[in-house]
file coords_11.csv (CSV, C-alpha atoms)
chain,number,residue,atom,x,y,z
A,1,MET,CA,41.2,166.9,-131.3
A,2,ASN,CA,37.9,166.5,-133.2
A,3,THR,CA,36.2,164.3,-130.7
A,4,GLY,CA,33.4,163.5,-133.1
A,5,ASP,CA,35.9,161.3,-134.9
A,6,VAL,CA,36.6,159.2,-131.8
A,7,ASN,CA,34.8,155.8,-131.7
A,8,ALA,CA,33.6,156.2,-128.1
A,9,PHE,CA,31.6,158.5,-125.8
A,10,TYR,CA,34.5,158.9,-123.4
A,11,ILE,CA,38.3,158.6,-123.5
A,12,PRO,CA,40.1,157.6,-120.3
A,13,ILE,CA,42.9,160.2,-119.5
A,14,GLY,CA,44.0,158.7,-116.2
A,15,ASP,CA,43.3,159.0,-112.5
A,16,GLY,CA,39.5,158.6,-112.9
A,17,ARG,CA,39.3,161.3,-115.5
A,18,PHE,CA,37.6,161.0,-118.9
A,19,GLU,CA,37.5,163.3,-121.9
A,20,SER,CA,34.0,163.7,-123.3
A,21,THR,CA,33.5,163.4,-127.0
A,22,GLU,CA,30.9,165.1,-129.2
A,23,HIS,CA,28.9,161.8,-129.2
A,24,THR,CA,27.6,162.7,-125.7
A,25,ARG,CA,25.8,165.9,-126.8
A,26,GLY,CA,22.1,166.1,-125.9
A,27,PRO,CA,19.1,167.8,-127.5
A,28,TRP,CA,18.7,170.8,-125.2
A,29,SER,CA,22.0,172.6,-125.7
A,30,PRO,CA,25.0,172.1,-128.0
A,31,ASP,CA,27.3,172.5,-125.0
A,32,ALA,CA,25.5,170.0,-122.7
A,33,GLN,CA,25.5,166.2,-122.6
A,34,HIS,CA,22.5,163.9,-123.0
A,35,GLY,CA,21.8,162.2,-119.7
A,36,GLY,CA,22.4,158.7,-121.1
A,37,PRO,CA,26.2,158.7,-121.6
A,38,PRO,CA,27.2,160.1,-118.2
A,39,SER,CA,24.7,157.8,-116.4
A,40,ALA,CA,26.3,154.9,-118.2
A,41,LEU,CA,29.8,156.3,-117.3
A,42,LEU,CA,28.7,156.3,-113.6
A,43,GLY,CA,27.6,152.6,-114.1
A,44,HIS,CA,31.0,151.9,-115.7
A,45,VAL,CA,32.8,153.1,-112.5
A,46,ILE,CA,30.2,151.5,-110.1
A,47,GLU,CA,30.8,148.1,-111.6
A,48,ARG,CA,34.5,148.4,-111.1
A,49,CYS,CA,34.3,149.6,-107.5
A,50,GLU,CA,35.5,146.7,-105.3
A,51,PRO,CA,33.8,144.1,-107.5
A,52,ARG,CA,32.4,141.0,-105.8
A,53,GLU,CA,31.9,137.6,-107.5
A,54,GLY,CA,28.2,136.5,-107.5
A,55,PHE,CA,26.8,140.0,-107.1
A,56,ASP,CA,24.7,142.1,-109.6
A,57,VAL,CA,23.6,145.7,-109.5
A,58,GLY,CA,19.8,145.7,-108.9
A,59,ARG,CA,19.2,149.4,-108.9
A,60,VAL,CA,20.9,152.6,-109.8
A,61,ALA,CA,19.5,156.0,-108.9
A,62,VAL,CA,21.1,159.0,-110.7
A,63,GLU,CA,20.6,162.6,-109.6
A,64,ILE,CA,21.4,165.2,-112.2
A,65,LEU,CA,22.6,168.3,-110.3
A,66,GLY,CA,23.2,170.5,-113.3
A,67,PRO,CA,24.1,170.4,-117.0
A,68,VAL,CA,27.0,168.1,-117.8
A,69,PRO,CA,29.4,170.0,-120.1
A,70,LEU,CA,31.3,168.5,-123.0
A,71,ALA,CA,34.5,168.7,-121.1
A,72,PRO,CA,36.8,166.5,-119.0
A,73,LEU,CA,35.0,164.7,-116.2
A,74,THR,CA,36.2,163.0,-113.0
A,75,VAL,CA,34.3,160.0,-111.8
A,76,GLU,CA,34.7,158.4,-108.4
A,77,ALA,CA,32.9,155.5,-106.6
A,78,ARG,CA,33.1,154.0,-103.1
A,79,VAL,CA,31.2,151.3,-101.1
A,80,THR,CA,29.4,153.1,-98.3
A,81,ARG,CA,27.5,150.2,-96.9
A,82,SER,CA,29.0,146.7,-97.1
A,83,GLY,CA,27.3,143.5,-96.2
A,84,ARG,CA,27.2,139.7,-96.9
A,85,SER,CA,24.2,140.0,-99.2
A,86,VAL,CA,23.7,143.6,-100.2
A,87,GLU,CA,25.9,146.7,-100.4
A,88,LEU,CA,25.5,150.3,-101.3
A,89,ILE,CA,27.8,152.1,-103.7
A,90,GLU,CA,27.9,155.9,-104.1
A,91,ALA,CA,29.5,157.5,-107.2
A,92,THR,CA,30.0,161.1,-108.3
A,93,LEU,CA,30.7,162.7,-111.6
A,94,SER,CA,32.4,166.1,-111.6
A,95,SER,CA,33.5,168.8,-114.0
A,96,GLU,CA,35.5,171.9,-113.3
A,97,ARG,CA,32.2,173.4,-112.0
A,98,GLY,CA,32.0,170.7,-109.2
A,99,VAL,CA,29.8,167.7,-108.9
A,100,VAL,CA,27.2,167.6,-111.7
A,101,MET,CA,25.8,164.1,-111.2
A,102,LYS,CA,25.8,161.5,-108.4
A,103,ALA,CA,24.4,158.0,-108.1
A,104,ASN,CA,23.6,155.4,-105.5
A,105,ALA,CA,23.6,151.7,-106.5
A,106,TRP,CA,22.5,148.6,-104.7
A,107,ARG,CA,24.6,145.6,-105.4
A,108,ILE,CA,22.8,142.3,-104.4
A,109,LYS,CA,24.1,138.8,-104.1
A,110,ARG,CA,22.6,136.3,-106.5
A,111,SER,CA,21.0,133.2,-105.0
A,112,ASP,CA,23.1,130.1,-105.5
A,113,PRO,CA,21.6,127.6,-106.2
A,114,PRO,CA,18.7,129.5,-107.9
A,115,LEU,CA,15.5,129.6,-106.0
A,116,GLU,CA,12.8,127.1,-107.0
A,117,LEU,CA,9.9,129.5,-108.0
A,118,ASP,CA,6.6,128.8,-109.6
A,119,PRO,CA,6.9,130.0,-113.2
A,120,ALA,CA,3.5,131.8,-112.8
A,121,VAL,CA,5.1,134.4,-110.4
A,122,LEU,CA,8.0,135.2,-112.7
A,123,PRO,CA,8.0,138.3,-115.0
A,124,SER,CA,6.7,137.5,-118.4
A,125,GLY,CA,5.8,139.1,-121.7
A,126,SER,CA,7.6,140.6,-124.6
A,127,ARG,CA,7.6,143.3,-127.2
A,128,PRO,CA,8.0,142.9,-131.0
A,129,GLY,CA,11.8,142.7,-131.6
A,130,PRO,CA,14.1,145.3,-133.2
A,131,ASP,CA,14.0,143.4,-136.5
A,132,THR,CA,10.3,144.2,-136.8
A,133,ALA,CA,10.7,147.9,-135.9
A,134,ARG,CA,11.1,151.1,-137.9
A,135,GLY,CA,14.5,152.8,-137.9
A,136,ASP,CA,13.7,155.9,-140.0
A,137,ALA,CA,12.2,158.2,-137.3
A,138,PRO,CA,13.8,161.7,-137.3
A,139,PHE,CA,15.4,163.0,-134.1
A,140,PRO,CA,14.5,166.6,-133.2
A,141,SER,CA,18.0,168.1,-133.2
A,142,ASP,CA,19.9,170.3,-135.6
A,143,GLN,CA,23.3,169.0,-134.3
A,144,LYS,CA,25.3,167.0,-136.8
A,145,ILE,CA,27.0,164.9,-134.0
A,146,GLY,CA,25.4,163.9,-130.7
A,147,PHE,CA,24.0,161.1,-128.8
A,148,HIS,CA,21.3,160.7,-131.4
A,149,THR,CA,23.9,159.8,-134.1
A,150,ALA,CA,25.9,157.5,-131.8
A,151,ILE,CA,22.9,155.2,-131.1
A,152,GLU,CA,20.6,153.2,-133.3
A,153,TYR,CA,16.9,153.4,-132.4
A,154,ARG,CA,14.0,151.5,-133.9
A,155,PHE,CA,10.3,152.3,-133.1
A,156,VAL,CA,7.7,149.6,-132.7
A,157,SER,CA,5.1,152.3,-132.1
A,158,GLY,CA,5.3,156.1,-131.8
A,159,THR,CA,8.3,158.3,-132.8
A,160,PHE,CA,10.3,161.1,-131.2
A,161,ILE,CA,8.0,163.7,-132.8
A,162,GLU,CA,4.7,161.8,-132.6
A,163,PRO,CA,3.1,162.8,-129.3
A,164,GLY,CA,2.3,160.0,-126.8
A,165,PRO,CA,3.5,156.6,-125.5
A,166,ALA,CA,6.1,154.8,-127.6
A,167,VAL,CA,7.9,151.5,-127.8
A,168,CYS,CA,11.5,151.9,-129.0
A,169,TRP,CA,14.5,149.6,-129.2
A,170,ILE,CA,17.9,151.3,-128.6
A,171,ARG,CA,21.5,150.1,-129.0
A,172,LEU,CA,24.8,151.8,-128.8
A,173,ARG,CA,26.9,152.3,-132.0
A,174,LYS,CA,30.0,153.0,-129.9
A,175,PRO,CA,31.4,152.0,-126.5
A,176,ILE,CA,30.8,154.2,-123.5
A,177,VAL,CA,34.5,154.1,-122.6
A,178,ALA,CA,37.2,153.7,-125.3
A,179,GLY,CA,38.8,150.3,-125.1
A,180,HIS,CA,36.0,148.7,-123.2
A,181,ASP,CA,33.0,146.7,-124.5
A,182,PRO,CA,29.8,148.2,-123.0
A,183,SER,CA,28.4,146.1,-120.1
A,184,PRO,CA,24.7,145.2,-119.9
A,185,LEU,CA,24.3,147.8,-117.1
A,186,GLU,CA,26.0,150.5,-119.2
A,187,ARG,CA,23.8,149.7,-122.2
A,188,THR,CA,20.6,149.9,-120.1
A,189,LEU,CA,21.5,153.2,-118.3
A,190,ALA,CA,22.4,154.8,-121.6
A,191,ALA,CA,19.1,153.7,-123.2
A,192,ALA,CA,16.8,154.3,-120.2
A,193,ASP,CA,17.5,158.0,-120.0
A,194,SER,CA,15.7,158.4,-123.4
A,195,GLY,CA,12.3,157.5,-121.9
A,196,ASN,CA,11.1,161.1,-121.8
A,197,GLY,CA,12.3,161.6,-125.4
A,198,VAL,CA,10.8,158.6,-127.1
A,199,SER,CA,7.4,159.1,-125.4
A,200,ALA,CA,7.3,163.0,-125.6
A,201,THR,CA,3.8,164.3,-125.3
A,202,LEU,CA,4.7,168.0,-125.9
A,203,ASP,CA,6.1,169.9,-129.0
A,204,TRP,CA,9.9,169.9,-128.8
A,205,ASN,CA,9.9,173.4,-130.4
A,206,ARG,CA,7.7,174.9,-127.7
A,207,TYR,CA,8.5,173.0,-124.5
A,208,VAL,CA,11.4,171.5,-122.6
A,209,PHE,CA,10.9,168.3,-120.5
A,210,ILE,CA,14.2,167.8,-118.9
A,211,ASN,CA,14.7,165.0,-116.4
A,212,THR,CA,16.3,165.8,-113.1
A,213,ASP,CA,17.0,162.2,-112.3
A,214,LEU,CA,17.0,158.6,-113.6
A,215,THR,CA,16.2,155.5,-111.5
A,216,VAL,CA,16.7,152.1,-113.1
A,217,THR,CA,15.7,148.9,-111.3
A,218,LEU,CA,16.6,145.6,-112.8
A,219,HIS,CA,15.3,142.2,-111.7
A,220,ARG,CA,17.7,140.5,-114.1
A,221,GLN,CA,20.8,141.4,-116.2
A,222,PRO,CA,20.2,142.4,-119.8
A,223,VAL,CA,21.3,140.1,-122.6
A,224,GLY,CA,22.4,141.3,-126.1
A,225,GLU,CA,22.9,144.7,-127.6
A,226,TRP,CA,19.3,146.0,-127.7
A,227,VAL,CA,17.3,147.5,-124.9
A,228,CYS,CA,13.6,148.2,-125.4
A,229,LEU,CA,11.7,151.1,-123.7
A,230,ASP,CA,7.9,150.8,-123.5
A,231,ALA,CA,7.6,154.4,-122.4
A,232,VAL,CA,5.0,156.9,-121.3
A,233,THR,CA,5.3,160.6,-120.2
A,234,TYR,CA,2.9,162.3,-117.8
A,235,PRO,CA,3.2,166.1,-117.9
A,236,GLN,CA,1.2,168.5,-115.7
A,237,PRO,CA,0.3,172.1,-116.2
A,238,HIS,CA,2.2,173.1,-113.0
A,239,GLY,CA,5.5,172.1,-114.7
A,240,ILE,CA,6.3,168.8,-112.9
A,241,GLY,CA,6.1,165.6,-114.9
A,242,MET,CA,7.2,162.0,-115.0
A,243,ALA,CA,8.3,159.5,-117.5
A,244,GLU,CA,8.1,155.8,-116.9
A,245,SER,CA,9.5,152.9,-119.0
A,246,ALA,CA,9.1,149.2,-118.9
A,247,LEU,CA,12.4,147.7,-119.9
A,248,PHE,CA,12.9,144.7,-122.1
A,249,ASP,CA,15.6,142.8,-124.0
A,250,GLU,CA,14.9,140.3,-126.8
A,251,GLN,CA,14.4,137.6,-124.1
A,252,GLY,CA,11.7,139.4,-122.1
A,253,PRO,CA,11.2,141.9,-119.3
A,254,LEU,CA,14.2,143.4,-117.4
A,255,GLY,CA,12.8,146.0,-115.0
A,256,ARG,CA,11.6,149.6,-114.9
A,257,SER,CA,13.0,153.1,-115.2
A,258,THR,CA,11.5,156.4,-114.0
A,259,GLN,CA,12.4,160.1,-114.6
A,260,THR,CA,11.2,163.2,-112.8
A,261,LEU,CA,10.7,166.0,-115.4
A,262,LEU,CA,11.0,169.7,-115.3
A,263,VAL,CA,8.4,170.9,-117.9
A,264,GLY,CA,8.5,174.4,-119.2
A,265,ARG,CA,8.3,176.7,-122.2
A,266,ARG,CA,11.3,177.2,-124.4

call {"tool": "encode", "arguments": {"input": "coords_11.csv", "output": "structure tokens"}}
result
Amino acid sequence: MNTGDVNAFYIPIGDGRFESTEHTRGPWSPDAQHGGPPSALLGHVIERCEPREGFDVGRVAVEILGPVPLAPLTVEARVTRSGRSVELIEATLSSERGVVMKANAWRIKRSDPPLELDPAVLPSGSRPGPDTARGDAPFPSDQKIGFHTAIEYRFVSGTFIEPGPAVCWIRLRKPIVAGHDPSPLERTLAAADSGNGVSATLDWNRYVFINTDLTVTLHRQPVGEWVCLDAVTYPQPHGIGMAESALFDEQGPLGRSTQTLLVGRR
């Protein structure tokens, strides 16, 4: 099968297993996935793990234990701490090499009725919308098919190859899992893993700045197809860095994402 012709990042093949398509390919190796799609796949399984009415995922912390190959993957999730108001879900993503990613997610009960809060304490602010942003920024990859061709990105400021902080809107061109519309959580996890890419401060041809993890904290659920990253990268000469993104949709702020970075020479 030419998986580049499939209109999804992953194809379910039964028993918690998924075939990876070429749309998952990342920028560092033609044989390894971008961190966004498998993070979103973990989110897909987390949301379906013993779902509870009136609860939302407030935080997902993904640990990247090794390169995720373009190969069949097995994804499992279980509730490890249940409660009336909060519960913890653990999920793993495995290839034939073993576990290559794992995630912990806190699922939190929504207040019903909503709390009566002073508007002055609520998150506020916005970024210029995707309709005002540029969509012509080149992506630093020589791969014809990959994550960069399966998403749409529009820069309000900065570009992939312009060093420094950037504001970028991202939306999926394809579903994470074939046959399923992407959920707000899936869209956010897929986009948030690009924080270190959109705000790269180092030359892609000379350095790598690979994230070892992704933590996304949401104070509300995203609305619509677009997710905005107001991102900045902090590299250090000793080879450890960090990327941080303020997350927005077209209605306003959503939360934050962070990534720990391995910085090195190519």

call {"tool": "residues_around", "arguments": {"input": "coords_11.csv", "residues": "Ile108 (chain A)", "least_positions_apart": "5", "cutoff": "8 Å", "atoms": "only C-alpha atoms", "output": "PyMOL selection string"}}
result
chain A and resi 55-58+85-87

call {"tool": "write_last_selection", "arguments": {"input": "coords_11.csv", "atoms": "C-alpha atoms", "output": "mmCIF file, keeping the file's coordinate frame"}}
result
data_model
loop_
_atom_site.group_PDB
_atom_site.id
_atom_site.type_symbol
_atom_site.label_atom_id
_atom_site.label_comp_id
_atom_site.auth_asym_id
_atom_site.auth_seq_id
_atom_site.Cartn_x
_atom_site.Cartn_y
_atom_site.Cartn_z
ATOM 1 C CA PHE A 55 26.800 140.000 -107.100
ATOM 2 C CA ASP A 56 24.700 142.100 -109.600
ATOM 3 C CA VAL A 57 23.600 145.700 -109.500
ATOM 4 C CA GLY A 58 19.800 145.700 -108.900
ATOM 5 C CA SER A 85 24.200 140.000 -99.200
ATOM 6 C CA VAL A 86 23.700 143.600 -100.200
ATOM 7 C CA GLU A 87 25.900 146.700 -100.400
#

call {"tool": "atom_distance", "arguments": {"input": "coords_11.csv", "atom1": "CA of Thr260 (chain A)", "atom2": "CA of Ala166 (chain A)"}}
result
17.8 Å

call {"tool": "residues_around", "arguments": {"input": "coords_11.csv", "residues": "region 211-227 of chain A", "least_positions_apart": "5", "cutoff": "8 Å", "atoms": "all atoms listed in the file", "output": "PyMOL selection string"}}
result
chain A and resi 56-65+130+169-172+184-185+187-189+191-193+196+247-251+254-262

call {"tool": "write_last_selection", "arguments": {"input": "coords_11.csv", "atoms": "C-alpha atoms", "output": "PDB file, keeping the file's coordinate frame"}}
result
ATOM      1  CA  ASP A  56      24.700 142.100-109.600  1.00  0.00           C
ATOM      2  CA  VAL A  57      23.600 145.700-109.500  1.00  0.00           C
ATOM      3  CA  GLY A  58      19.800 145.700-108.900  1.00  0.00           C
ATOM      4  CA  ARG A  59      19.200 149.400-108.900  1.00  0.00           C
ATOM      5  CA  VAL A  60      20.900 152.600-109.800  1.00  0.00           C
ATOM      6  CA  ALA A  61      19.500 156.000-108.900  1.00  0.00           C
ATOM      7  CA  VAL A  62      21.100 159.000-110.700  1.00  0.00           C
ATOM      8  CA  GLU A  63      20.600 162.600-109.600  1.00  0.00           C
ATOM      9  CA  ILE A  64      21.400 165.200-112.200  1.00  0.00           C
ATOM     10  CA  LEU A  65      22.600 168.300-110.300  1.00  0.00           C
ATOM     11  CA  PRO A 130      14.100 145.300-133.200  1.00  0.00           C
ATOM     12  CA  TRP A 169      14.500 149.600-129.200  1.00  0.00           C
ATOM     13  CA  ILE A 170      17.900 151.300-128.600  1.00  0.00           C
ATOM     14  CA  ARG A 171      21.500 150.100-129.000  1.00  0.00           C
ATOM     15  CA  LEU A 172      24.800 151.800-128.800  1.00  0.00           C
ATOM     16  CA  PRO A 184      24.700 145.200-119.900  1.00  0.00           C
ATOM     17  CA  LEU A 185      24.300 147.800-117.100  1.00  0.00           C
ATOM     18  CA  ARG A 187      23.800 149.700-122.200  1.00  0.00           C
ATOM     19  CA  THR A 188      20.600 149.900-120.100  1.00  0.00           C
ATOM     20  CA  LEU A 189      21.500 153.200-118.300  1.00  0.00           C
ATOM     21  CA  ALA A 191      19.100 153.700-123.200  1.00  0.00           C
ATOM     22  CA  ALA A 192      16.800 154.300-120.200  1.00  0.00           C
ATOM     23  CA  ASP A 193      17.500 158.000-120.000  1.00  0.00           C
ATOM     24  CA  ASN A 196      11.100 161.100-121.800  1.00  0.00           C
ATOM     25  CA  LEU A 247      12.400 147.700-119.900  1.00  0.00           C
ATOM     26  CA  PHE A 248      12.900 144.700-122.100  1.00  0.00           C
ATOM     27  CA  ASP A 249      15.600 142.800-124.000  1.00  0.00           C
ATOM     28  CA  GLU A 250      14.900 140.300-126.800  1.00  0.00           C
ATOM     29  CA  GLN A 251      14.400 137.600-124.100  1.00  0.00           C
ATOM     30  CA  LEU A 254      14.200 143.400-117.400  1.00  0.00           C
ATOM     31  CA  GLY A 255      12.800 146.000-115.000  1.00  0.00           C
ATOM     32  CA  ARG A 256      11.600 149.600-114.900  1.00  0.00           C
ATOM     33  CA  SER A 257      13.000 153.100-115.200  1.00  0.00           C
ATOM     34  CA  THR A 258      11.500 156.400-114.000  1.00  0.00           C
ATOM     35  CA  GLN A 259      12.400 160.100-114.600  1.00  0.00           C
ATOM     36  CA  THR A 260      11.200 163.200-112.800  1.00  0.00           C
ATOM     37  CA  LEU A 261      10.700 166.000-115.400  1.00  0.00           C
ATOM     38  CA  LEU A 262      11.000 169.700-115.300  1.00  0.00           C
TER      39      LEU A 262
END

call {"tool": "residues_around", "arguments": {"input": "coords_11.csv", "residues": "Ser141 (chain A)", "least_positions_apart": "3", "cutoff": "12 Å", "atoms": "all atoms listed in the file", "output": "number ranges by chain"}}
result
A: 25-30, 34, 138, 144-149, 160-161, 197, 204-205

call {"tool": "closest_residue", "arguments": {"input": "coords_11.csv", "among": "A:Val198, A:Ala105, A:Ala91, A:Val156", "to": "Pro140 (chain A)", "atoms": "only C-alpha atoms"}}
result
A:Val198

call {"tool": "closest_residue", "arguments": {"input": "coords_11.csv", "among": "A:Asp230, A:Asp112, A:Glu22, A:Asp142", "to": "Pro72 (chain A)", "atoms": "only C-alpha atoms"}}
result
A:Glu22

call {"tool": "atom_distance", "arguments": {"input": "coords_11.csv", "atom1": "CA of Tyr153 (chain A)", "atom2": "CA of Cys168 (chain A)"}}
result
6.6 Å

call {"tool": "atom_distance", "arguments": {"input": "coords_11.csv", "atom1": "CA of Glu152 (chain A)", "atom2": "CA of Gly129 (chain A)"}}
result
13.8 Å

call {"tool": "residues_around", "arguments": {"input": "coords_11.csv", "residues": "Lys174 (chain A)", "least_positions_apart": "2", "cutoff": "8 Å", "atoms": "all atoms listed in the file", "output": "VMD selection string"}}
result
chain A and resid 7 to 9 150 to 151 172 176

call {"tool": "closest_residue", "arguments": {"input": "coords_11.csv", "among": "A:Ser39, A:Thr233, A:Ser157, A:Ser95", "to": "Thr132 (chain A)", "atoms": "all atoms listed in the file"}}
result
A:Ser157

call {"tool": "residues_near_point", "arguments": {"input": "coords_11.csv", "point": "(43.8, 161.1, -111.5)", "cutoff": "12 Å", "atoms": "all atoms listed in the file", "output": "ChimeraX atom specification"}}
result
/A:12-18,72-76

call {"tool": "closest_residue", "arguments": {"input": "coords_11.csv", "among": "A:Leu93, A:Leu202, A:Arg84, A:Arg154", "to": "Glu53 (chain A)", "atoms": "only C-alpha atoms"}}
result
A:Arg84

call {"tool": "closest_residue", "arguments": {"input": "coords_11.csv", "among": "A:Phe155, A:Pro69, A:Asp31, A:Glu186", "to": "Asp131 (chain A)", "atoms": "only C-alpha atoms"}}
result
A:Phe155

call {"tool": "build_atoms", "arguments": {"input": "coords_11.csv", "residues": "region 14-28 of chain A", "atoms": "N, CA, C and O atoms", "output": "PDB file, keeping the file's coordinate frame"}}
result
ATOM      1  N   GLY A  14      43.260 159.042-117.403  1.00  0.00           N
ATOM      2  CA  GLY A  14      44.000 158.700-116.200  1.00  0.00           C
ATOM      3  C   GLY A  14      43.427 159.313-114.923  1.00  0.00           C
ATOM      4  O   GLY A  14      42.743 160.342-114.937  1.00  0.00           O
ATOM      5  N   ASP A  15      43.667 158.595-113.800  1.00  0.00           N
ATOM      6  CA  ASP A  15      43.300 159.000-112.500  1.00  0.00           C
ATOM      7  C   ASP A  15      41.762 159.305-112.363  1.00  0.00           C
ATOM      8  O   ASP A  15      41.317 160.289-111.758  1.00  0.00           O
ATOM      9  N   GLY A  16      40.970 158.409-112.958  1.00  0.00           N
ATOM     10  CA  GLY A  16      39.500 158.600-112.900  1.00  0.00           C
ATOM     11  C   GLY A  16      38.956 159.681-113.708  1.00  0.00           C
ATOM     12  O   GLY A  16      37.813 160.087-113.491  1.00  0.00           O
ATOM     13  N   ARG A  17      39.739 160.183-114.664  1.00  0.00           N
ATOM     14  CA  ARG A  17      39.300 161.300-115.500  1.00  0.00           C
ATOM     15  C   ARG A  17      39.013 160.799-116.912  1.00  0.00           C
ATOM     16  O   ARG A  17      39.680 159.892-117.416  1.00  0.00           O
ATOM     17  N   PHE A  18      38.026 161.437-117.563  1.00  0.00           N
ATOM     18  CA  PHE A  18      37.600 161.000-118.900  1.00  0.00           C
ATOM     19  C   PHE A  18      37.349 162.262-119.740  1.00  0.00           C
ATOM     20  O   PHE A  18      36.732 163.232-119.279  1.00  0.00           O
ATOM     21  N   GLU A  19      37.831 162.227-120.971  1.00  0.00           N
ATOM     22  CA  GLU A  19      37.500 163.300-121.900  1.00  0.00           C
ATOM     23  C   GLU A  19      36.180 162.946-122.575  1.00  0.00           C
ATOM     24  O   GLU A  19      35.936 161.820-123.013  1.00  0.00           O
ATOM     25  N   SER A  20      35.287 163.919-122.625  1.00  0.00           N
ATOM     26  CA  SER A  20      34.000 163.700-123.300  1.00  0.00           C
ATOM     27  C   SER A  20      34.070 164.021-124.742  1.00  0.00           C
ATOM     28  O   SER A  20      34.643 165.036-125.145  1.00  0.00           O
ATOM     29  N   THR A  21      33.483 163.163-125.561  1.00  0.00           N
ATOM     30  CA  THR A  21      33.500 163.400-127.000  1.00  0.00           C
ATOM     31  C   THR A  21      32.138 163.996-127.424  1.00  0.00           C
ATOM     32  O   THR A  21      31.175 164.043-126.645  1.00  0.00           O
ATOM     33  N   GLU A  22      32.070 164.424-128.652  1.00  0.00           N
ATOM     34  CA  GLU A  22      30.900 165.100-129.200  1.00  0.00           C
ATOM     35  C   GLU A  22      29.671 164.096-129.231  1.00  0.00           C
ATOM     36  O   GLU A  22      28.520 164.541-129.335  1.00  0.00           O
ATOM     37  N   HIS A  23      29.937 162.790-129.143  1.00  0.00           N
ATOM     38  CA  HIS A  23      28.900 161.800-129.200  1.00  0.00           C
ATOM     39  C   HIS A  23      27.971 161.874-127.958  1.00  0.00           C
ATOM     40  O   HIS A  23      26.885 161.284-127.941  1.00  0.00           O
ATOM     41  N   THR A  24      28.412 162.583-126.914  1.00  0.00           N
ATOM     42  CA  THR A  24      27.600 162.700-125.700  1.00  0.00           C
ATOM     43  C   THR A  24      26.596 163.838-125.758  1.00  0.00           C
ATOM     44  O   THR A  24      25.763 163.968-124.866  1.00  0.00           O
ATOM     45  N   ARG A  25      26.658 164.658-126.777  1.00  0.00           N
ATOM     46  CA  ARG A  25      25.800 165.900-126.800  1.00  0.00           C
ATOM     47  C   ARG A  25      24.340 165.534-126.827  1.00  0.00           C
ATOM     48  O   ARG A  25      23.874 164.611-127.493  1.00  0.00           O
ATOM     49  N   GLY A  26      23.560 166.325-126.063  1.00  0.00           N
ATOM     50  CA  GLY A  26      22.100 166.100-125.900  1.00  0.00           C
ATOM     51  C   GLY A  26      21.303 167.051-126.795  1.00  0.00           C
ATOM     52  O   GLY A  26      21.847 167.878-127.542  1.00  0.00           O
ATOM     53  N   PRO A  27      19.968 166.986-126.662  1.00  0.00           N
ATOM     54  CA  PRO A  27      19.100 167.800-127.500  1.00  0.00           C
ATOM     55  C   PRO A  27      18.794 169.180-127.039  1.00  0.00           C
ATOM     56  O   PRO A  27      18.246 169.990-127.790  1.00  0.00           O
ATOM     57  N   TRP A  28      19.125 169.507-125.781  1.00  0.00           N
ATOM     58  CA  TRP A  28      18.700 170.800-125.200  1.00  0.00           C
ATOM     59  C   TRP A  28      19.679 171.911-125.425  1.00  0.00           C
ATOM     60  O   TRP A  28      19.313 173.077-125.455  1.00  0.00           O
TER      61      TRP A  28
END
